[in-house]
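What follows is the content of target28.pdb, which has PDB, C-alpha atoms:
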ATOM      1  CA  THR K   1     -15.367 -15.145 -69.946  1.00  0.00           C
ATOM      2  CA  VAL K   2     -15.822 -14.782 -73.706  1.00  0.00           C
ATOM      3  CA  THR K   3     -17.116 -18.032 -75.158  1.00  0.00           C
ATOM      4  CA  LYS K   4     -17.797 -17.111 -78.790  1.00  0.00           C
ATOM      5  CA  LEU K   5     -17.166 -14.371 -81.328  1.00  0.00           C
ATOM      6  CA  ASP K   6     -19.664 -14.527 -84.187  1.00  0.00           C
ATOM      7  CA  PRO K   7     -18.466 -12.243 -87.030  1.00  0.00           C
ATOM      8  CA  THR K   8     -21.595 -12.845 -89.115  1.00  0.00           C
ATOM      9  CA  ALA K   9     -23.977 -11.659 -86.400  1.00  0.00           C
ATOM     10  CA  GLN K  10     -21.361  -9.150 -85.150  1.00  0.00           C
ATOM     11  CA  GLN K  11     -21.768 -10.224 -81.567  1.00  0.00           C
ATOM     12  CA  VAL K  12     -19.713 -11.603 -78.698  1.00  0.00           C
ATOM     13  CA  GLU K  13     -21.123 -14.221 -76.357  1.00  0.00           C
ATOM     14  CA  TYR K  14     -19.788 -14.232 -72.798  1.00  0.00           C
ATOM     15  CA  SER K  15     -20.599 -15.473 -69.336  1.00  0.00           C
ATOM     16  CA  THR K  16     -20.273 -14.100 -65.831  1.00  0.00           C
ATOM     17  CA  ALA K  17     -21.263 -15.624 -62.504  1.00  0.00           C
ATOM     18  CA  GLU K  18     -24.323 -13.379 -62.448  1.00  0.00           C
ATOM     19  CA  ALA K  19     -25.212 -13.533 -66.146  1.00  0.00           C
ATOM     20  CA  PRO K  20     -24.235 -16.708 -68.013  1.00  0.00           C
ATOM     21  CA  GLY K  21     -24.929 -16.712 -71.736  1.00  0.00           C
ATOM     22  CA  SER K  22     -24.835 -12.933 -72.227  1.00  0.00           C
ATOM     23  CA  VAL K  23     -24.526 -11.327 -75.691  1.00  0.00           C
ATOM     24  CA  LEU K  24     -22.843  -8.070 -76.662  1.00  0.00           C
ATOM     25  CA  LYS K  25     -23.345  -6.531 -80.124  1.00  0.00           C
ATOM     26  CA  TYR K  26     -20.469  -4.638 -81.747  1.00  0.00           C
ATOM     27  CA  ASP K  27     -19.682  -2.355 -84.673  1.00  0.00           C
ATOM     28  CA  SER K  28     -15.966  -3.212 -84.442  1.00  0.00           C
ATOM     29  CA  VAL K  29     -14.130  -5.664 -82.207  1.00  0.00           C
ATOM     30  CA  LEU K  30     -10.441  -6.130 -81.379  1.00  0.00           C
ATOM     31  CA  VAL K  31      -9.160  -9.619 -80.626  1.00  0.00           C
ATOM     32  CA  ALA K  32      -6.120  -9.203 -78.363  1.00  0.00           C
ATOM     33  CA  THR K  33      -6.365 -12.349 -76.275  1.00  0.00           C
ATOM     34  CA  GLY K  34      -2.664 -13.252 -76.427  1.00  0.00           C
ATOM     35  CA  GLY K  35      -1.381 -16.787 -76.412  1.00  0.00           C
ATOM     36  CA  SER K  36      -1.051 -19.826 -74.184  1.00  0.00           C
ATOM     37  CA  PRO K  37       2.310 -21.546 -73.694  1.00  0.00           C
ATOM     38  CA  ARG K  38       2.880 -24.613 -75.847  1.00  0.00           C
ATOM     39  CA  LYS K  39       2.929 -27.800 -73.814  1.00  0.00           C
ATOM     40  CA  LEU K  40       4.457 -31.171 -74.597  1.00  0.00           C
ATOM     41  CA  PHE K  41       1.967 -34.010 -74.976  1.00  0.00           C
ATOM     42  CA  CYS K  42       4.158 -36.958 -74.116  1.00  0.00           C
ATOM     43  CA  PRO K  43       4.261 -39.517 -71.290  1.00  0.00           C
ATOM     44  CA  GLY K  44       4.960 -37.907 -67.930  1.00  0.00           C
ATOM     45  CA  ALA K  45       4.017 -34.391 -69.032  1.00  0.00           C
ATOM     46  CA  ASN K  46       1.729 -33.987 -65.993  1.00  0.00           C
ATOM     47  CA  LEU K  47       4.417 -34.749 -63.395  1.00  0.00           C
ATOM     48  CA  ASN K  48       5.172 -32.168 -60.729  1.00  0.00           C
ATOM     49  CA  ASN K  49       7.968 -29.627 -61.314  1.00  0.00           C
ATOM     50  CA  ILE K  50       7.307 -29.339 -65.050  1.00  0.00           C
ATOM     51  CA  PHE K  51       6.580 -25.690 -65.768  1.00  0.00           C
ATOM     52  CA  THR K  52       5.735 -23.194 -68.462  1.00  0.00           C
ATOM     53  CA  LEU K  53       6.436 -19.478 -68.002  1.00  0.00           C
ATOM     54  CA  ARG K  54       3.719 -16.937 -68.753  1.00  0.00           C
ATOM     55  CA  THR K  55       2.709 -15.249 -65.503  1.00  0.00           C
ATOM     56  CA  PRO K  56       4.390 -13.902 -62.334  1.00  0.00           C
ATOM     57  CA  GLU K  57       2.899 -16.893 -60.518  1.00  0.00           C
ATOM     58  CA  ASP K  58       4.683 -19.243 -62.946  1.00  0.00           C
ATOM     59  CA  ALA K  59       7.976 -17.450 -62.252  1.00  0.00           C
ATOM     60  CA  ALA K  60       7.435 -17.756 -58.490  1.00  0.00           C
ATOM     61  CA  GLU K  61       6.866 -21.519 -58.766  1.00  0.00           C
ATOM     62  CA  ILE K  62      10.043 -21.992 -60.810  1.00  0.00           C
ATOM     63  CA  THR K  63      12.039 -19.868 -58.366  1.00  0.00           C
ATOM     64  CA  LYS K  64      11.030 -22.139 -55.466  1.00  0.00           C
ATOM     65  CA  ILE K  65      13.076 -25.031 -56.867  1.00  0.00           C
ATOM     66  CA  ALA K  66      15.716 -23.082 -58.833  1.00  0.00           C
ATOM     67  CA  LYS K  67      18.367 -23.349 -56.122  1.00  0.00           C
ATOM     68  CA  LYS K  68      22.128 -23.701 -56.448  1.00  0.00           C
ATOM     69  CA  GLY K  69      23.112 -27.169 -57.638  1.00  0.00           C
ATOM     70  CA  GLN K  70      19.607 -28.152 -58.798  1.00  0.00           C
ATOM     71  CA  LYS K  71      19.499 -29.851 -62.181  1.00  0.00           C
ATOM     72  CA  MET K  72      17.166 -27.936 -64.489  1.00  0.00           C
ATOM     73  CA  VAL K  73      16.237 -28.863 -68.062  1.00  0.00           C
ATOM     74  CA  VAL K  74      14.910 -26.203 -70.433  1.00  0.00           C
ATOM     75  CA  VAL K  75      12.975 -27.319 -73.523  1.00  0.00           C
ATOM     76  CA  GLY K  76      13.218 -24.762 -76.338  1.00  0.00           C
ATOM     77  CA  GLY K  77      16.145 -22.966 -77.938  1.00  0.00           C
ATOM     78  CA  SER K  78      14.715 -19.600 -78.941  1.00  0.00           C
ATOM     79  CA  PHE K  79      14.186 -16.383 -76.970  1.00  0.00           C
ATOM     80  CA  ILE K  80      12.147 -17.565 -73.988  1.00  0.00           C
ATOM     81  CA  GLY K  81      14.088 -20.820 -73.607  1.00  0.00           C
ATOM     82  CA  MET K  82      17.452 -19.083 -73.739  1.00  0.00           C
ATOM     83  CA  GLU K  83      16.382 -16.344 -71.325  1.00  0.00           C
ATOM     84  CA  ILE K  84      15.170 -18.998 -68.871  1.00  0.00           C
ATOM     85  CA  ALA K  85      18.470 -20.878 -69.206  1.00  0.00           C
ATOM     86  CA  SER K  86      20.399 -17.665 -68.527  1.00  0.00           C
ATOM     87  CA  ALA K  87      18.326 -16.852 -65.427  1.00  0.00           C
ATOM     88  CA  LEU K  88      18.599 -20.381 -64.029  1.00  0.00           C
ATOM     89  CA  ARG K  89      22.352 -20.494 -64.563  1.00  0.00           C
ATOM     90  CA  LYS K  90      22.694 -17.152 -62.765  1.00  0.00           C
ATOM     91  CA  LYS K  91      20.990 -18.781 -59.765  1.00  0.00           C
ATOM     92  CA  GLY K  92      23.640 -21.513 -59.739  1.00  0.00           C
ATOM     93  CA  CYS K  93      21.558 -24.307 -61.264  1.00  0.00           C
ATOM     94  CA  ASP K  94      23.050 -26.975 -63.501  1.00  0.00           C
ATOM     95  CA  VAL K  95      21.255 -26.237 -66.780  1.00  0.00           C
ATOM     96  CA  ALA K  96      20.682 -28.310 -69.907  1.00  0.00           C
ATOM     97  CA  VAL K  97      18.795 -27.031 -72.962  1.00  0.00           C
ATOM     98  CA  VAL K  98      16.955 -29.390 -75.329  1.00  0.00           C
ATOM     99  CA  ALA K  99      15.918 -27.983 -78.715  1.00  0.00           C
ATOM    100  CA  MET K 100      14.882 -29.145 -82.175  1.00  0.00           C
ATOM    101  CA  GLU K 101      17.298 -26.643 -83.778  1.00  0.00           C
ATOM    102  CA  SER K 102      20.977 -27.514 -84.202  1.00  0.00           C
ATOM    103  CA  VAL K 103      22.032 -24.181 -82.603  1.00  0.00           C
ATOM    104  CA  PRO K 104      20.203 -21.546 -80.514  1.00  0.00           C
ATOM    105  CA  PHE K 105      17.933 -19.123 -82.412  1.00  0.00           C
ATOM    106  CA  GLU K 106      18.457 -21.045 -85.681  1.00  0.00           C
ATOM    107  CA  ARG K 107      14.915 -20.463 -86.978  1.00  0.00           C
ATOM    108  CA  VAL K 108      15.021 -16.727 -86.278  1.00  0.00           C
ATOM    109  CA  LEU K 109      18.645 -15.694 -86.686  1.00  0.00           C
ATOM    110  CA  GLY K 110      20.216 -18.493 -88.742  1.00  0.00           C
ATOM    111  CA  LYS K 111      23.068 -20.891 -88.036  1.00  0.00           C
ATOM    112  CA  LYS K 112      25.923 -18.377 -88.095  1.00  0.00           C
ATOM    113  CA  VAL K 113      24.531 -16.177 -85.327  1.00  0.00           C
ATOM    114  CA  GLY K 114      23.181 -19.228 -83.530  1.00  0.00           C
ATOM    115  CA  ALA K 115      26.637 -20.807 -83.456  1.00  0.00           C
ATOM    116  CA  SER K 116      28.020 -17.794 -81.578  1.00  0.00           C
ATOM    117  CA  PHE K 117      25.360 -18.271 -78.904  1.00  0.00           C
ATOM    118  CA  ALA K 118      26.164 -21.983 -78.760  1.00  0.00           C
ATOM    119  CA  ARG K 119      29.733 -21.014 -77.863  1.00  0.00           C
ATOM    120  CA  LEU K 120      28.393 -18.611 -75.232  1.00  0.00           C
ATOM    121  CA  LEU K 121      26.345 -21.412 -73.672  1.00  0.00           C
ATOM    122  CA  GLN K 122      29.407 -23.626 -73.534  1.00  0.00           C
ATOM    123  CA  LYS K 123      31.431 -20.844 -71.913  1.00  0.00           C
ATOM    124  CA  GLU K 124      28.722 -20.347 -69.276  1.00  0.00           C
ATOM    125  CA  GLY K 125      28.527 -24.051 -68.464  1.00  0.00           C
ATOM    126  CA  VAL K 126      25.133 -24.757 -70.032  1.00  0.00           C
ATOM    127  CA  GLU K 127      24.754 -28.085 -71.818  1.00  0.00           C
ATOM    128  CA  TRP K 128      23.186 -27.853 -75.286  1.00  0.00           C
ATOM    129  CA  TYR K 129      21.282 -30.807 -76.803  1.00  0.00           C
ATOM    130  CA  GLY K 130      20.469 -29.692 -80.331  1.00  0.00           C
ATOM    131  CA  SER K 131      18.500 -31.502 -83.047  1.00  0.00           C
ATOM    132  CA  ALA K 132      16.773 -33.318 -80.189  1.00  0.00           C
ATOM    133  CA  GLN K 133      13.239 -33.972 -78.983  1.00  0.00           C
ATOM    134  CA  VAL K 134      11.755 -35.133 -75.698  1.00  0.00           C
ATOM    135  CA  ARG K 135      10.368 -38.673 -75.772  1.00  0.00           C
ATOM    136  CA  LEU K 136       9.047 -38.732 -72.207  1.00  0.00           C
ATOM    137  CA  PHE K 137       9.500 -37.415 -68.694  1.00  0.00           C
ATOM    138  CA  ARG K 138      10.584 -39.847 -65.980  1.00  0.00           C
ATOM    139  CA  GLY K 139       9.395 -39.878 -62.377  1.00  0.00           C
ATOM    140  CA  ASN K 140       6.624 -41.121 -60.108  1.00  0.00           C
ATOM    141  CA  THR K 141       4.826 -38.012 -58.917  1.00  0.00           C
ATOM    142  CA  THR K 142       7.675 -35.542 -59.512  1.00  0.00           C
ATOM    143  CA  VAL K 143       9.912 -35.386 -62.562  1.00  0.00           C
ATOM    144  CA  ASN K 144      13.429 -36.755 -62.089  1.00  0.00           C
ATOM    145  CA  GLY K 145      14.582 -37.198 -65.664  1.00  0.00           C
ATOM    146  CA  VAL K 146      14.013 -36.259 -69.299  1.00  0.00           C
ATOM    147  CA  GLU K 147      14.380 -39.027 -71.884  1.00  0.00           C
ATOM    148  CA  LEU K 148      15.248 -37.875 -75.401  1.00  0.00           C
ATOM    149  CA  GLU K 149      14.250 -39.570 -78.656  1.00  0.00           C
ATOM    150  CA  ASP K 150      17.738 -41.075 -79.002  1.00  0.00           C
ATOM    151  CA  GLY K 151      17.381 -42.735 -75.597  1.00  0.00           C
ATOM    152  CA  GLU K 152      19.670 -40.435 -73.616  1.00  0.00           C
ATOM    153  CA  VAL K 153      18.320 -39.518 -70.191  1.00  0.00           C
ATOM    154  CA  LEU K 154      19.011 -36.128 -68.597  1.00  0.00           C
ATOM    155  CA  PRO K 155      18.640 -35.943 -64.806  1.00  0.00           C
ATOM    156  CA  ALA K 156      16.170 -33.250 -63.787  1.00  0.00           C
ATOM    157  CA  ASP K 157      14.939 -31.719 -60.552  1.00  0.00           C
ATOM    158  CA  GLY K 158      12.757 -29.456 -62.649  1.00  0.00           C
ATOM    159  CA  VAL K 159      11.824 -28.771 -66.287  1.00  0.00           C
ATOM    160  CA  VAL K 160      10.793 -25.493 -67.894  1.00  0.00           C
ATOM    161  CA  ILE K 161       9.154 -25.631 -71.322  1.00  0.00           C
ATOM    162  CA  GLY K 162       9.870 -22.528 -73.369  1.00  0.00           C
ATOM    163  CA  ALA K 163       8.609 -23.554 -76.795  1.00  0.00           C
ATOM    164  CA  GLY K 164       6.539 -20.525 -77.797  1.00  0.00           C
ATOM    165  CA  VAL K 165       2.805 -19.906 -77.548  1.00  0.00           C
ATOM    166  CA  LEU K 166      -0.399 -20.837 -79.347  1.00  0.00           C
ATOM    167  CA  PRO K 167      -2.802 -17.970 -80.157  1.00  0.00           C
ATOM    168  CA  ASN K 168      -5.973 -17.850 -78.059  1.00  0.00           C
ATOM    169  CA  THR K 169      -8.481 -17.825 -80.914  1.00  0.00           C
ATOM    170  CA  ARG K 170     -10.563 -20.948 -80.358  1.00  0.00           C
ATOM    171  CA  PHE K 171     -13.615 -18.835 -79.495  1.00  0.00           C
ATOM    172  CA  VAL K 172     -13.553 -17.081 -82.900  1.00  0.00           C
ATOM    173  CA  GLU K 173     -15.857 -18.685 -85.457  1.00  0.00           C
ATOM    174  CA  GLY K 174     -15.597 -18.867 -89.255  1.00  0.00           C
ATOM    175  CA  LEU K 175     -12.510 -16.710 -89.895  1.00  0.00           C
ATOM    176  CA  PRO K 176      -9.249 -17.616 -91.700  1.00  0.00           C
ATOM    177  CA  LEU K 177      -6.436 -18.720 -89.404  1.00  0.00           C
ATOM    178  CA  ASP K 178      -2.782 -19.432 -90.158  1.00  0.00           C
ATOM    179  CA  LYS K 179      -1.133 -22.781 -89.360  1.00  0.00           C
ATOM    180  CA  ASN K 180      -0.598 -21.732 -85.729  1.00  0.00           C
ATOM    181  CA  GLY K 181      -4.179 -20.550 -85.222  1.00  0.00           C
ATOM    182  CA  ALA K 182      -3.615 -16.790 -85.559  1.00  0.00           C
ATOM    183  CA  LEU K 183      -6.085 -14.526 -87.349  1.00  0.00           C
ATOM    184  CA  CYS K 184      -4.962 -13.589 -90.882  1.00  0.00           C
ATOM    185  CA  VAL K 185      -5.365  -9.832 -91.259  1.00  0.00           C
ATOM    186  CA  SER K 186      -4.785  -7.064 -93.812  1.00  0.00           C
ATOM    187  CA  PRO K 187      -2.303  -4.166 -93.400  1.00  0.00           C
ATOM    188  CA  LEU K 188      -5.097  -2.366 -91.516  1.00  0.00           C
ATOM    189  CA  LEU K 189      -5.034  -5.256 -89.016  1.00  0.00           C
ATOM    190  CA  ASN K 190      -8.584  -6.326 -89.811  1.00  0.00           C
ATOM    191  CA  VAL K 191      -9.805  -9.554 -91.365  1.00  0.00           C
ATOM    192  CA  GLU K 192     -10.568  -9.047 -95.052  1.00  0.00           C
ATOM    193  CA  THR K 193     -13.613 -11.344 -95.003  1.00  0.00           C
ATOM    194  CA  ALA K 194     -14.888  -9.702 -91.796  1.00  0.00           C
ATOM    195  CA  PRO K 195     -13.608  -6.091 -91.820  1.00  0.00           C
ATOM    196  CA  SER K 196     -15.154  -5.271 -88.442  1.00  0.00           C
ATOM    197  CA  VAL K 197     -12.859  -7.812 -86.720  1.00  0.00           C
ATOM    198  CA  PHE K 198      -9.371  -6.542 -85.816  1.00  0.00           C
ATOM    199  CA  ALA K 199      -6.442  -8.342 -84.213  1.00  0.00           C
ATOM    200  CA  ALA K 200      -3.257  -7.382 -82.347  1.00  0.00           C
ATOM    201  CA  GLY K 201      -0.432  -9.212 -80.619  1.00  0.00           C
ATOM    202  CA  ASP K 202       0.109 -12.972 -80.458  1.00  0.00           C
ATOM    203  CA  VAL K 203      -3.177 -13.649 -82.281  1.00  0.00           C
ATOM    204  CA  CYS K 204      -2.275 -11.457 -85.284  1.00  0.00           C
ATOM    205  CA  ALA K 205      -0.698 -12.763 -88.517  1.00  0.00           C
ATOM    206  CA  TYR K 206      -0.144  -9.690 -90.696  1.00  0.00           C
ATOM    207  CA  PRO K 207       1.612  -8.945 -94.020  1.00  0.00           C
ATOM    208  CA  SER K 208       5.090  -7.476 -93.556  1.00  0.00           C
ATOM    209  CA  ALA K 209       5.344  -3.975 -95.057  1.00  0.00           C
ATOM    210  CA  ARG K 210       8.813  -4.833 -96.415  1.00  0.00           C
ATOM    211  CA  THR K 211       8.260  -8.289 -97.921  1.00  0.00           C
ATOM    212  CA  GLY K 212       4.511  -8.881 -98.033  1.00  0.00           C
ATOM    213  CA  THR K 213       5.090 -12.206 -96.270  1.00  0.00           C
ATOM    214  CA  ARG K 214       2.634 -12.951 -93.502  1.00  0.00           C
ATOM    215  CA  VAL K 215       4.360 -12.861 -90.108  1.00  0.00           C
ATOM    216  CA  ARG K 216       3.447 -13.147 -86.442  1.00  0.00           C
ATOM    217  CA  ILE K 217       5.679 -11.615 -83.766  1.00  0.00           C
ATOM    218  CA  GLU K 218       5.405 -12.840 -80.177  1.00  0.00           C
ATOM    219  CA  HIS K 219       6.614  -9.700 -78.408  1.00  0.00           C
ATOM    220  CA  TRP K 220       4.862  -7.217 -76.136  1.00  0.00           C
ATOM    221  CA  ASP K 221       6.217  -4.145 -77.943  1.00  0.00           C
ATOM    222  CA  VAL K 222       4.767  -5.292 -81.284  1.00  0.00           C
ATOM    223  CA  ALA K 223       1.445  -6.013 -79.575  1.00  0.00           C
ATOM    224  CA  LEU K 224       1.427  -2.515 -78.078  1.00  0.00           C
ATOM    225  CA  GLN K 225       2.051  -0.860 -81.455  1.00  0.00           C
ATOM    226  CA  GLN K 226      -0.535  -3.013 -83.210  1.00  0.00           C
ATOM    227  CA  GLY K 227      -3.128  -2.150 -80.584  1.00  0.00           C
ATOM    228  CA  ARG K 228      -2.644   1.554 -81.288  1.00  0.00           C
ATOM    229  CA  ILE K 229      -2.950   1.118 -85.071  1.00  0.00           C
ATOM    230  CA  ALA K 230      -5.966  -1.180 -84.755  1.00  0.00           C
ATOM    231  CA  ALA K 231      -7.716   1.363 -82.516  1.00  0.00           C
ATOM    232  CA  ARG K 232      -7.194   4.123 -85.084  1.00  0.00           C
ATOM    233  CA  ASN K 233      -8.574   1.932 -87.853  1.00  0.00           C
ATOM    234  CA  MET K 234     -11.565   0.971 -85.730  1.00  0.00           C
ATOM    235  CA  LEU K 235     -12.257   4.716 -85.723  1.00  0.00           C
ATOM    236  CA  GLY K 236     -12.110   4.831 -89.524  1.00  0.00           C
ATOM    237  CA  GLN K 237      -8.658   6.384 -90.017  1.00  0.00           C
ATOM    238  CA  PHE K 238      -7.286   3.763 -92.493  1.00  0.00           C
ATOM    239  CA  VAL K 239      -3.708   3.634 -91.173  1.00  0.00           C
ATOM    240  CA  PRO K 240      -1.661   0.590 -92.313  1.00  0.00           C
ATOM    241  CA  PHE K 241       0.673  -1.160 -89.882  1.00  0.00           C
ATOM    242  CA  THR K 242       4.123  -0.512 -91.369  1.00  0.00           C
ATOM    243  CA  THR K 243       6.295  -0.531 -88.243  1.00  0.00           C
ATOM    244  CA  THR K 244       9.520  -2.538 -88.445  1.00  0.00           C
ATOM    245  CA  PRO K 245       9.495  -4.899 -85.446  1.00  0.00           C
ATOM    246  CA  PHE K 246      12.277  -4.322 -82.938  1.00  0.00           C
ATOM    247  CA  PHE K 247      12.928  -6.364 -79.832  1.00  0.00           C
ATOM    248  CA  TRP K 248      15.777  -7.421 -77.610  1.00  0.00           C
ATOM    249  CA  SER K 249      16.951 -10.094 -75.220  1.00  0.00           C
ATOM    250  CA  GLY K 250      19.462 -10.245 -72.370  1.00  0.00           C
ATOM    251  CA  LEU K 251      21.511 -13.436 -72.088  1.00  0.00           C
ATOM    252  CA  PHE K 252      24.416 -14.054 -69.723  1.00  0.00           C
ATOM    253  CA  GLY K 253      25.148 -10.339 -69.551  1.00  0.00           C
ATOM    254  CA  LYS K 254      25.057  -9.951 -73.350  1.00  0.00           C
ATOM    255  CA  ASN K 255      22.449  -7.905 -75.174  1.00  0.00           C
ATOM    256  CA  LEU K 256      20.863  -9.195 -78.377  1.00  0.00           C
ATOM    257  CA  ARG K 257      18.896  -6.687 -80.465  1.00  0.00           C
ATOM    258  CA  PHE K 258      16.733  -7.770 -83.396  1.00  0.00           C
ATOM    259  CA  VAL K 259      15.187  -5.619 -86.112  1.00  0.00           C
TER     260      VAL K 259
END
As structure tokens:
Amino acid sequence: TVTKLDPTAQQVEYSTAEAPGSVLKYDSVLVATGGSPRKLFCPGANLNNIFTLRTPEDAAEITKIAKKGQKMVVVGGSFIGMEIASALRKKGCDVAVVAMESVPFERVLGKKVGASFARLLQKEGVEWYGSAQVRLFRGNTTVNGVELEDGEVLPADGVVIGAGVLPNTRFVEGLPLDKNGALCVSPLLNVETAPSVFAAGDVCAYPSARTGTRVRIEHWDVALQQGRIAARNMLGQFVPFTTTPFFWSGLFGKNLRFV
């Protein structure tokens, strides 16, 4: 387990069962540690049957209770939340989606496109609670309801939180991070104040080649491409990351493609 990245000393501290407190020196290092699912810190958040989705094991746990007629609440109205809602509805669950946006995908795609997906949700029998936030989860040991800030209570046999991820960068010391905790890098995908430190994937906030605006894309295909470019630059090739991000999503039999 890596416990610390020290860019000044150019070393990584890590521990194993056999060798705790080990140190590894580097000439260049790539931070590609991904992200951890955002959780809700509100009363009842530790009740049973409240899930996040990041691993095959997470999916298996959700599948155990995602049976026909079960009432499932999804928190989050962007890609992961909508894909979860689609999958749960396909299994015959009664699905409600709670999101801060007024329509699905509003932050990414805008209200006009989002409104078309809101109509799709309605057609598929999914309840949409937009411009809403969770106040608390109800239940004794297992969740049985989700109370919103306006006081409305949604019955729930299970809850899946699909509200994005937080970059895994807490072990990195003394480098500039964006508001979400991602490493701020140059077009070469290295940190300008520590050029030997590179980043790719969920931990990487890079300047868009088209607009110059710093962006962070939570998608495996972008991470894969960034890893290739970072590796070339670690070898001294000076190749900027100029790829236009492209990703897709499947919802209720419809295909959404985003460039």
- Contacts of K:Leu40 within 10 Å, all atoms listed in the file, excl. fewer than 4 positions in-chain, as a ChimeraX atom specification: /K:44-46,75,134-137,161,163
- Give me the result of the PyMOL selection byres ((chain K and resi 61-69) around 7) on this file, residue by residue, as a PyMOL selection string. chain K and resi 57-60+70-71+88+91-94
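Atom CA of K:Cys184 to atom CA of K:Arg214 spans 8.1 Å [interatomic distance, one decimal].
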- Task: Would you kindly return, as a list in words, each protein, DNA or RNA residue with an atom no farther than 12 Å from any atom of K:Thr33, considering only C-alpha atoms and excluding same-chain residues fewer than 2 positions away?
- Result: Thr1, Val2, Val29, Leu30, Val31, Gly35, Ser36, Val165, Leu166, Pro167, Asn168, Thr169, Arg170, Phe171, Val172, Ala182, Leu183, Phe198, Ala199, Ala200, Gly201, Asp202, Val203, Cys204, Ala223 and Gly227 of chain K
- Message: Which residues would end up in the selection if the PyMOL selection byres ((chain K and resi 157-159) around 6) were applied here, given that I need the answer as a ChimeraX atom specification?
- Response: /K:49-50,71-74,144,156,160
- Which neighbours of K:Gly250 fall inside 12 Å, counting only C-alpha atoms, when residues of the same chain fewer than 2 positions from it are skipped, and could you give them as an MDAnalysis selection string? chainID K and resid 79:87 117 247:248 252:258
- Item | Proximity to K:Asp27 - best of K:Ser208, K:Ser196, K:Asn190, K:Ser102, all atoms listed in the file |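 Ranked by minimum distance to K:Asp27, first place goes to K:Ser196.
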